[in-house]
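Here is run_2.cif, consisting of mmCIF, C-alpha atoms and all ligand atoms:
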data_input
#
loop_
_atom_site.group_PDB
_atom_site.id
_atom_site.type_symbol
_atom_site.label_atom_id
_atom_site.label_comp_id
_atom_site.auth_asym_id
_atom_site.auth_seq_id
_atom_site.Cartn_x
_atom_site.Cartn_y
_atom_site.Cartn_z
ATOM 1 C CA VAL A 1 0.000 0.000 0.000
ATOM 2 C CA ASP A 2 1.401 3.393 -1.018
ATOM 3 C CA GLN A 3 1.492 6.635 0.887
ATOM 4 C CA THR A 4 1.645 10.113 -0.590
ATOM 5 C CA TYR A 5 2.384 13.534 0.825
ATOM 6 C CA ILE A 6 -0.207 16.110 -0.210
ATOM 7 C CA MET A 7 0.213 19.750 0.747
ATOM 8 C CA ILE A 8 -2.205 22.625 0.279
ATOM 9 C CA LYS A 9 0.105 25.518 -0.592
ATOM 10 C CA PRO A 10 -0.240 29.035 0.910
ATOM 11 C CA ASP A 11 -2.464 30.305 -1.930
ATOM 12 C CA GLY A 12 -4.866 27.401 -1.375
ATOM 13 C CA VAL A 13 -5.054 28.178 2.348
ATOM 14 C CA GLN A 14 -5.432 31.943 1.837
ATOM 15 C CA ARG A 15 -8.135 31.478 -0.785
ATOM 16 C CA GLY A 16 -10.244 29.284 1.494
ATOM 17 C CA LEU A 17 -9.822 26.122 -0.577
ATOM 18 C CA VAL A 18 -8.731 23.835 2.267
ATOM 19 C CA GLY A 19 -12.096 22.081 2.679
ATOM 20 C CA GLU A 20 -12.605 21.744 -1.078
ATOM 21 C CA ILE A 21 -9.181 20.185 -1.641
ATOM 22 C CA ILE A 22 -9.307 17.793 1.318
ATOM 23 C CA SER A 23 -12.778 16.782 0.208
ATOM 24 C CA ARG A 24 -11.569 15.606 -3.199
ATOM 25 C CA PHE A 25 -9.154 13.100 -1.655
ATOM 26 C CA GLU A 26 -11.650 12.140 1.036
ATOM 27 C CA LYS A 27 -14.436 11.460 -1.459
ATOM 28 C CA LYS A 28 -12.113 9.457 -3.689
ATOM 29 C CA GLY A 29 -11.778 6.996 -0.813
ATOM 30 C CA PHE A 30 -8.149 7.281 0.240
ATOM 31 C CA LEU A 31 -7.220 6.897 3.905
ATOM 32 C CA LEU A 32 -6.139 10.058 5.750
ATOM 33 C CA LYS A 33 -3.167 9.256 7.996
ATOM 34 C CA GLY A 34 -2.036 12.736 9.028
ATOM 35 C CA LEU A 35 -3.241 16.346 8.815
ATOM 36 C CA LYS A 36 -1.965 19.672 10.159
ATOM 37 C CA LEU A 37 -1.828 23.417 9.491
ATOM 38 C CA PHE A 38 1.822 24.384 9.515
ATOM 39 C CA GLU A 39 4.208 27.281 8.928
ATOM 40 C CA CYS A 40 7.331 25.823 7.363
ATOM 41 C CA THR A 41 10.849 27.184 7.507
ATOM 42 C CA LYS A 42 12.937 28.123 4.491
ATOM 43 C CA GLU A 43 15.237 25.171 5.307
ATOM 44 C CA LEU A 44 12.356 22.676 5.212
ATOM 45 C CA ALA A 45 10.994 24.110 1.954
ATOM 46 C CA GLU A 46 14.493 23.899 0.405
ATOM 47 C CA GLU A 47 14.933 20.310 1.554
ATOM 48 C CA HIS A 48 11.504 19.361 0.204
ATOM 49 C CA TYR A 49 12.226 20.829 -3.238
ATOM 50 C CA LYS A 50 15.978 20.040 -3.260
ATOM 51 C CA ASP A 51 15.798 18.371 -6.692
ATOM 52 C CA LEU A 52 14.758 21.730 -8.181
ATOM 53 C CA ARG A 53 17.656 23.692 -6.596
ATOM 54 C CA GLU A 54 19.203 24.541 -9.984
ATOM 55 C CA LYS A 55 15.969 25.813 -11.549
ATOM 56 C CA PRO A 56 15.713 29.543 -12.224
ATOM 57 C CA PHE A 57 12.400 29.729 -10.362
ATOM 58 C CA PHE A 58 13.766 28.012 -7.202
ATOM 59 C CA PRO A 59 14.108 31.173 -5.021
ATOM 60 C CA LYS A 60 10.618 32.258 -6.080
ATOM 61 C CA LEU A 61 9.290 28.784 -5.258
ATOM 62 C CA ILE A 62 10.791 28.873 -1.748
ATOM 63 C CA ASP A 63 9.378 32.385 -1.108
ATOM 64 C CA TYR A 64 5.985 31.113 -2.253
ATOM 65 C CA ILE A 65 5.930 27.995 -0.067
ATOM 66 C CA THR A 66 7.015 29.988 3.014
ATOM 67 C CA SER A 67 4.640 32.914 2.368
ATOM 68 C CA GLY A 68 1.938 31.589 4.711
ATOM 69 C CA PRO A 69 0.649 28.467 6.435
ATOM 70 C CA VAL A 70 0.322 25.241 4.455
ATOM 71 C CA VAL A 71 -1.836 22.192 5.158
ATOM 72 C CA CYS A 72 0.202 18.979 5.363
ATOM 73 C CA MET A 73 -1.469 15.650 4.688
ATOM 74 C CA ALA A 74 -0.476 12.009 4.470
ATOM 75 C CA TRP A 75 -2.814 9.796 2.447
ATOM 76 C CA GLU A 76 -2.673 6.026 2.015
ATOM 77 C CA GLY A 77 -4.083 3.644 -0.564
ATOM 78 C CA VAL A 78 -3.266 1.284 -3.398
ATOM 79 C CA GLY A 79 -1.887 3.455 -6.208
ATOM 80 C CA VAL A 80 -2.460 6.639 -4.210
ATOM 81 C CA VAL A 81 0.663 8.411 -5.523
ATOM 82 C CA ALA A 82 -0.245 8.207 -9.202
ATOM 83 C CA SER A 83 -3.951 8.673 -8.563
ATOM 84 C CA ALA A 84 -3.367 11.821 -6.478
ATOM 85 C CA ARG A 85 -1.221 13.279 -9.280
ATOM 86 C CA LYS A 86 -4.161 12.712 -11.652
ATOM 87 C CA LEU A 87 -6.590 14.377 -9.255
ATOM 88 C CA ILE A 88 -4.167 17.315 -8.904
ATOM 89 C CA GLY A 89 -3.520 17.812 -12.633
ATOM 90 C CA ALA A 90 -0.658 19.350 -14.620
ATOM 91 C CA THR A 91 1.922 21.561 -12.893
ATOM 92 C CA ASN A 92 0.968 24.686 -14.816
ATOM 93 C CA PRO A 93 -2.656 25.493 -13.925
ATOM 94 C CA LEU A 94 -3.286 26.705 -17.482
ATOM 95 C CA GLN A 95 -2.463 23.250 -18.790
ATOM 96 C CA ALA A 96 -4.305 21.340 -16.071
ATOM 97 C CA GLU A 97 -7.492 19.663 -17.318
ATOM 98 C CA PRO A 98 -10.876 20.754 -16.011
ATOM 99 C CA GLY A 99 -11.957 18.320 -13.316
ATOM 100 C CA THR A 100 -8.515 18.352 -11.718
ATOM 101 C CA ILE A 101 -7.779 20.444 -8.623
ATOM 102 C CA ARG A 102 -5.405 22.797 -10.443
ATOM 103 C CA GLY A 103 -7.588 22.822 -13.573
ATOM 104 C CA ASP A 104 -10.647 23.822 -11.576
ATOM 105 C CA LEU A 105 -9.151 26.079 -8.910
ATOM 106 C CA ALA A 106 -6.073 27.895 -10.241
ATOM 107 C CA ILE A 107 -5.115 30.362 -12.969
ATOM 108 C CA GLN A 108 -1.827 31.947 -14.026
ATOM 109 C CA THR A 109 -0.184 35.366 -14.095
ATOM 110 C CA GLY A 110 2.183 36.978 -16.577
ATOM 111 C CA SER A 111 2.148 38.872 -19.850
ATOM 112 C CA PHE A 112 -0.033 37.769 -22.750
ATOM 113 C CA SER A 113 2.904 36.269 -24.665
ATOM 114 C CA GLU A 114 4.177 34.419 -21.595
ATOM 115 C CA VAL A 115 0.761 32.915 -20.984
ATOM 116 C CA VAL A 116 0.271 32.009 -24.652
ATOM 117 C CA PHE A 117 3.691 30.340 -24.642
ATOM 118 C CA ALA A 118 2.923 28.458 -21.449
ATOM 119 C CA LEU A 119 -0.301 27.174 -22.991
ATOM 120 C CA GLY A 120 1.693 25.816 -25.913
ATOM 121 C CA LEU A 121 -0.240 27.916 -28.440
ATOM 122 C CA LEU A 122 2.929 29.367 -29.941
ATOM 123 C CA LYS A 123 6.184 27.630 -30.761
ATOM 124 C CA PRO A 124 8.807 28.702 -28.222
ATOM 125 C CA CYS A 125 11.953 30.431 -29.545
ATOM 126 C CA LYS A 126 14.143 28.177 -27.446
ATOM 127 C CA GLU A 127 13.459 24.528 -26.679
ATOM 128 C CA SER A 128 11.981 24.650 -23.190
ATOM 129 C CA HIS A 129 8.921 23.576 -21.270
ATOM 130 C CA SER A 130 9.624 26.023 -18.501
ATOM 131 C CA TYR A 131 7.252 28.830 -17.605
ATOM 132 C CA GLY A 132 9.862 30.474 -15.419
ATOM 133 C CA LYS A 133 8.505 34.000 -15.697
ATOM 134 C CA LEU A 134 5.057 32.880 -14.650
ATOM 135 C CA SER A 135 3.722 32.197 -11.173
ATOM 136 C CA CYS A 136 4.580 29.108 -9.116
ATOM 137 C CA ARG A 137 1.109 29.232 -7.560
ATOM 138 C CA ASN A 138 -0.834 26.054 -8.179
ATOM 139 C CA VAL A 139 -2.617 25.484 -4.833
ATOM 140 C CA VAL A 140 -1.436 21.953 -4.075
ATOM 141 C CA HIS A 141 1.535 19.579 -4.001
ATOM 142 C CA GLY A 142 1.594 15.822 -4.504
ATOM 143 C CA SER A 143 4.540 13.409 -4.252
ATOM 144 C CA ASP A 144 5.796 12.154 -7.623
ATOM 145 C CA SER A 145 6.787 8.597 -6.618
ATOM 146 C CA PRO A 146 6.083 6.152 -3.766
ATOM 147 C CA GLU A 147 9.711 6.640 -2.579
ATOM 148 C CA ASN A 148 9.246 10.406 -2.457
ATOM 149 C CA GLY A 149 5.880 9.888 -0.756
ATOM 150 C CA LEU A 150 7.595 8.148 2.147
ATOM 151 C CA ARG A 151 10.523 10.609 2.156
ATOM 152 C CA GLU A 152 8.236 13.645 2.242
ATOM 153 C CA ILE A 153 5.897 12.253 4.921
ATOM 154 C CA GLU A 154 8.952 11.623 7.075
ATOM 155 C CA LEU A 155 10.212 15.133 6.357
ATOM 156 C CA TRP A 156 6.972 16.969 7.180
ATOM 157 C CA PHE A 157 5.535 14.851 10.019
ATOM 158 C CA LYS A 158 7.002 14.026 13.400
ATOM 159 C CA GLU A 159 6.699 10.668 15.114
ATOM 160 C CA GLY A 160 3.257 10.368 16.709
ATOM 161 C CA GLU A 161 1.569 12.744 14.260
ATOM 162 C CA LEU A 162 0.288 9.935 12.020
ATOM 163 C CA CYS A 163 -2.737 7.820 12.963
ATOM 164 C CA GLN A 164 -3.279 4.098 12.536
ATOM 165 C CA TRP A 165 -6.984 3.595 12.095
ATOM 166 C CA THR A 166 -9.607 1.736 10.070
ATOM 167 C CA GLN A 167 -12.226 3.555 8.036
ATOM 168 C CA ILE A 168 -15.774 2.386 8.732
ATOM 169 C CA GLN A 169 -16.343 2.438 4.956
ATOM 170 C CA ALA A 170 -13.296 0.247 4.245
ATOM 171 C CA PRO A 171 -15.282 -2.940 3.371
ATOM 172 C CA TRP A 172 -17.300 -0.940 0.824
ATOM 173 C CA LEU A 173 -14.208 0.612 -0.768
ATOM 174 C CA ARG A 174 -12.021 -2.470 -1.047
ATOM 175 C CA GLU A 175 -13.383 -5.798 -2.255
HETATM 176 P P1 LIG B 1 4.626 19.715 -6.852
HETATM 177 O O1 LIG B 1 3.485 18.783 -6.638
HETATM 178 O O2 LIG B 1 4.505 21.008 -6.077
HETATM 179 O O3 LIG B 1 5.968 19.035 -6.635
HETATM 180 O O4 LIG B 1 4.525 20.152 -8.395
HETATM 181 P P2 LIG B 1 4.862 19.246 -9.675
HETATM 182 O O5 LIG B 1 5.402 17.910 -9.248
HETATM 183 O O6 LIG B 1 3.650 19.266 -10.538
HETATM 184 O O7 LIG B 1 6.001 20.098 -10.383
HETATM 185 P P3 LIG B 1 7.564 20.171 -10.004
HETATM 186 O O8 LIG B 1 7.893 19.219 -8.907
HETATM 187 O O9 LIG B 1 8.317 20.082 -11.273
HETATM 188 O O10 LIG B 1 7.697 21.670 -9.469
HETATM 189 C C1 LIG B 1 7.432 22.000 -8.126
HETATM 190 C C2 LIG B 1 6.720 23.326 -8.078
HETATM 191 O O11 LIG B 1 7.567 24.338 -8.613
HETATM 192 C C3 LIG B 1 5.461 23.411 -8.954
HETATM 193 O O12 LIG B 1 4.324 22.895 -8.331
HETATM 194 C C4 LIG B 1 5.343 24.897 -9.175
HETATM 195 O O13 LIG B 1 4.836 25.538 -7.994
HETATM 196 C C5 LIG B 1 6.805 25.284 -9.336
HETATM 197 N N1 LIG B 1 7.233 25.225 -10.753
HETATM 198 C C6 LIG B 1 7.572 24.125 -11.476
HETATM 199 N N2 LIG B 1 7.956 24.448 -12.726
HETATM 200 C C7 LIG B 1 7.871 25.795 -12.782
HETATM 201 C C8 LIG B 1 8.149 26.754 -13.807
HETATM 202 O O14 LIG B 1 8.562 26.430 -14.929
HETATM 203 N N3 LIG B 1 7.935 28.063 -13.489
HETATM 204 C C9 LIG B 1 7.486 28.466 -12.268
HETATM 205 N N4 LIG B 1 7.310 29.768 -12.049
HETATM 206 N N5 LIG B 1 7.224 27.599 -11.283
HETATM 207 C C10 LIG B 1 7.403 26.285 -11.537
HETATM 208 MG MG MG B 2 6.982 17.731 -7.857
#

Translate this file's structure into structure tokens.
Ligand code: GTP
Ligand code: MG
Amino acid sequence: VDQTYIMIKPDGVQRGLVGEIISRFEKKGFLLKGLKLFECTKELAEEHYKDLREKPFFPKLIDYITSGPVVCMAWEGVGVVASARKLIGATNPLQAEPGTIRGDLAIQTGSFSEVVFALGLLKPCKESHSYGKLSCRNVVHGSDSPENGLREIELWFKEGELCQWTQIQAPWLRE
């Protein structure tokens, strides 16, 4: 059984989307193992996103993640990592499909040409999928592999903050 780390980012908290976002995972049927409102340090944000350290948008990303409280969650279920990524949608909210969290709840900022480029409507001058000049804001994070799911849950939660429990609906969710 997999575990994934889901985090409602500061824009999601500030915009009052906490209930809406939790609800999507809850209704899907995954098991909630941990949940807290949390103000993270720069060091924790940098450790969490350490693989992106070399990206031009990294400083902006760290400022964003530390700009207000986040909601940290651990969810469990068969295939939960990949399934949560589908529920969340594409990284850039403009490319995220309707029906996904980012597709339904987030937009983008930037100049017209930057946004058009990010949408893939124009051929970029240089070969790149980056939308570096645009906003990092996309309301939610989800682990990208089961290994990272475990790593991130360990990073964001302390011992004793996760619950071992059985959902009353479990027999109706899992045959
Ligand atoms: P997370 O679930 O937050 O890890 O997003 P992701 O897995 O969909 O994307 P990735 O791990 O590549 O990037 C982490 C975060 O950095 C994204 O969610 C965005 O907030 C931000 N980000 C990624 N790529 C870009 C970019 O090209 N430009 C800007 N401005 N921000 C980006
Ligand atoms: Mg990622």

Report task. For each of A:Ile6, A:Ala96, A:Lys28, A:Trp156, take the minimum atom-to-atom distance to ligand MG 2 (chain B), counting all atoms listed in the file, then give the residue where this is smallest. Result -> A:Ile6

**Report entry** the PyMOL selection byres (((chain A and resi 64-80) around 9) and not hetatm) resolved against shown file, as an NGL selection string
**Finding:** :A and (1-14 or 18 or 22 or 25 or 29-42 or 45 or 59-63 or 81-85 or 136-137 or 146 or 149 or 153 or 156-157 or 162)

What residues of the protein or nucleic acid chains come within 9 Å of ligand LIG 1 (chain B) when you use only C-alpha atoms and all ligand atoms? Reply as a compact mmCIF listing (two decimals) with C-alpha atoms, in the coordinates of the input.
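Contents of selection-v3.txt, freshly written:
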# COMPACT_ATOMS: atom_id res chain seq x y z
CA ILE A 6 -0.21 16.11 -0.21
CA MET A 7 0.21 19.75 0.75
CA LYS A 9 0.10 25.52 -0.59
CA HIS A 48 11.50 19.36 0.20
CA TYR A 49 12.23 20.83 -3.24
CA ASP A 51 15.80 18.37 -6.69
CA LEU A 52 14.76 21.73 -8.18
CA LYS A 55 15.97 25.81 -11.55
CA PRO A 56 15.71 29.54 -12.22
CA PHE A 57 12.40 29.73 -10.36
CA PHE A 58 13.77 28.01 -7.20
CA LYS A 60 10.62 32.26 -6.08
CA LEU A 61 9.29 28.78 -5.26
CA ILE A 62 10.79 28.87 -1.75
CA TYR A 64 5.98 31.11 -2.25
CA ILE A 65 5.93 28.00 -0.07
CA ARG A 85 -1.22 13.28 -9.28
CA ILE A 88 -4.17 17.32 -8.90
CA GLY A 89 -3.52 17.81 -12.63
CA ALA A 90 -0.66 19.35 -14.62
CA THR A 91 1.92 21.56 -12.89
CA ASN A 92 0.97 24.69 -14.82
CA ALA A 118 2.92 28.46 -21.45
CA HIS A 129 8.92 23.58 -21.27
CA SER A 130 9.62 26.02 -18.50
CA TYR A 131 7.25 28.83 -17.60
CA GLY A 132 9.86 30.47 -15.42
CA LYS A 133 8.51 34.00 -15.70
CA LEU A 134 5.06 32.88 -14.65
CA SER A 135 3.72 32.20 -11.17
CA CYS A 136 4.58 29.11 -9.12
CA ARG A 137 1.11 29.23 -7.56
CA ASN A 138 -0.83 26.05 -8.18
CA VAL A 139 -2.62 25.48 -4.83
CA VAL A 140 -1.44 21.95 -4.08
CA HIS A 141 1.54 19.58 -4.00
CA GLY A 142 1.59 15.82 -4.50
CA SER A 143 4.54 13.41 -4.25
CA ASP A 144 5.80 12.15 -7.62

Requested in this report: Tell me, in Å to one decimal, how far atom CA of A:Leu44 is from atom CA of A:Glu152.
Outcome: 10.4 Å

Query raised in the report: Separation of atom CA of A:Pro171 and atom CA of A:Arg24, in Å?
Result: 20.0 Å

Report as AutoDock Vina command-line options the centre and the edge lengths, in Å to one decimal, of the axis-aligned box holding every listed atom of stretch 55-72 of chain A, padded by 6 Å on each side.
--center_x 7.1 --center_y 25.9 --center_z -2.9 --size_x 29.8 --size_y 25.9 --size_z 30.7

Report task. Return the single residue from A:Val115, A:Lys50, A:Gln95, A:Glu159 that is closest to ligand MG 2 (chain B), with distances computed using only C-alpha atoms and all ligand atoms. Result ->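 Looking at the shortest contact to ligand MG 2 (chain B), the residue is A:Lys50.
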
Requested in this report: Calculate how many Å separate atom CA of A:Gly99 from atom CA of A:Lys86, rounding to one decimal.
Outcome: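 Between these atoms lies a distance of 9.7 Å.
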
Query raised in the report: So, counting all atoms listed in the file, which residue among A:Ala170, A:Gly160, A:Leu87, A:Phe117 is closest to A:Leu105?
Result: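 For A:Leu105, the nearest of the given residues is A:Leu87.
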
Query raised in the report: For ligand MG 2 (chain B), which of A:Pro93, A:Arg102, A:Ser145, A:Gly120 is the closest residue, counting all atoms listed in the file?
Result: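 Using all atoms listed in the file, ligand MG 2 (chain B) sits closest to A:Ser145.
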
Query - Among listed residues A:Asn148, A:Glu114, A:Glu20, A:Ile107, nearest ligand MG 2 (chain B) (using all atoms listed in the file) - result: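 Under the stated criterion, the closest residue is A:Asn148.
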
**Report entry** Distance criterion (all atoms listed in the file): nearest to A:Glu47 out of A:Lys158, A:Glu26, A:Gly19, A:Arg151
**Finding:**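 Closest to A:Glu47 of all the choices is A:Arg151.
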
Since the input lacks atoms, please generate N, CA, C and O atoms for stretch 16-38 of chain A and provide them as a compact mmCIF listing (two decimals), keeping the file's coordinate frame.
# COMPACT_ATOMS: atom_id res chain seq x y z
N GLY A 16 -9.12 30.02 0.88
CA GLY A 16 -10.24 29.28 1.49
C GLY A 16 -10.59 28.00 0.77
O GLY A 16 -11.76 27.60 0.74
N LEU A 17 -9.57 27.34 0.19
CA LEU A 17 -9.82 26.12 -0.58
C LEU A 17 -9.49 24.85 0.19
O LEU A 17 -9.51 23.75 -0.38
N VAL A 18 -9.17 24.99 1.48
CA VAL A 18 -8.73 23.84 2.27
C VAL A 18 -9.79 22.72 2.27
O VAL A 18 -9.49 21.56 1.95
N GLY A 19 -11.02 23.08 2.61
CA GLY A 19 -12.10 22.08 2.68
C GLY A 19 -12.33 21.42 1.33
O GLY A 19 -12.44 20.19 1.23
N GLU A 20 -12.38 22.23 0.29
CA GLU A 20 -12.60 21.74 -1.08
C GLU A 20 -11.53 20.73 -1.50
O GLU A 20 -11.83 19.68 -2.07
N ILE A 21 -10.28 21.06 -1.20
CA ILE A 21 -9.18 20.18 -1.64
C ILE A 21 -9.14 18.89 -0.82
O ILE A 21 -9.01 17.81 -1.38
N ILE A 22 -9.29 19.01 0.49
CA ILE A 22 -9.31 17.79 1.32
C ILE A 22 -10.45 16.89 0.86
O ILE A 22 -10.30 15.68 0.74
N SER A 23 -11.58 17.51 0.58
CA SER A 23 -12.78 16.78 0.21
C SER A 23 -12.58 15.90 -1.03
O SER A 23 -13.13 14.80 -1.12
N ARG A 24 -11.78 16.39 -1.96
CA ARG A 24 -11.57 15.61 -3.20
C ARG A 24 -10.86 14.29 -2.91
O ARG A 24 -11.18 13.26 -3.49
N PHE A 25 -9.87 14.33 -2.01
CA PHE A 25 -9.15 13.10 -1.66
C PHE A 25 -10.02 12.21 -0.76
O PHE A 25 -10.01 10.99 -0.87
N GLU A 26 -10.78 12.86 0.11
CA GLU A 26 -11.65 12.14 1.04
C GLU A 26 -12.73 11.37 0.27
O GLU A 26 -12.95 10.19 0.49
N LYS A 27 -13.35 12.08 -0.69
CA LYS A 27 -14.44 11.46 -1.46
C LYS A 27 -13.93 10.34 -2.36
O LYS A 27 -14.65 9.38 -2.64
N LYS A 28 -12.69 10.49 -2.82
CA LYS A 28 -12.11 9.46 -3.69
C LYS A 28 -12.02 8.13 -2.94
O LYS A 28 -12.13 7.06 -3.54
N GLY A 29 -11.81 8.21 -1.63
CA GLY A 29 -11.78 7.00 -0.81
C GLY A 29 -10.45 6.69 -0.16
O GLY A 29 -10.32 5.68 0.53
N PHE A 30 -9.44 7.54 -0.39
CA PHE A 30 -8.15 7.28 0.24
C PHE A 30 -8.23 7.44 1.76
O PHE A 30 -9.16 8.05 2.29
N LEU A 31 -7.24 6.89 2.43
CA LEU A 31 -7.22 6.90 3.90
C LEU A 31 -6.33 8.04 4.40
O LEU A 31 -5.14 8.08 4.07
N LEU A 32 -6.90 8.94 5.19
CA LEU A 32 -6.14 10.06 5.75
C LEU A 32 -5.35 9.58 6.96
O LEU A 32 -5.92 9.09 7.93
N LYS A 33 -4.03 9.73 6.91
CA LYS A 33 -3.17 9.26 8.00
C LYS A 33 -2.63 10.39 8.86
O LYS A 33 -2.24 10.20 10.00
N GLY A 34 -2.58 11.60 8.29
CA GLY A 34 -2.04 12.74 9.03
C GLY A 34 -2.51 14.04 8.42
O GLY A 34 -2.73 14.11 7.21
N LEU A 35 -2.70 15.07 9.28
CA LEU A 35 -3.24 16.35 8.82
C LEU A 35 -2.85 17.46 9.79
O LEU A 35 -3.08 17.33 10.99
N LYS A 36 -2.25 18.53 9.28
CA LYS A 36 -1.96 19.67 10.16
C LYS A 36 -1.79 20.97 9.36
O LYS A 36 -1.35 20.95 8.21
N LEU A 37 -2.13 22.08 10.02
CA LEU A 37 -1.83 23.42 9.49
C LEU A 37 -0.45 23.78 10.03
O LEU A 37 -0.17 23.58 11.21
N PHE A 38 0.41 24.31 9.16
CA PHE A 38 1.82 24.38 9.52
C PHE A 38 2.52 25.54 8.81
O PHE A 38 2.28 25.80 7.63
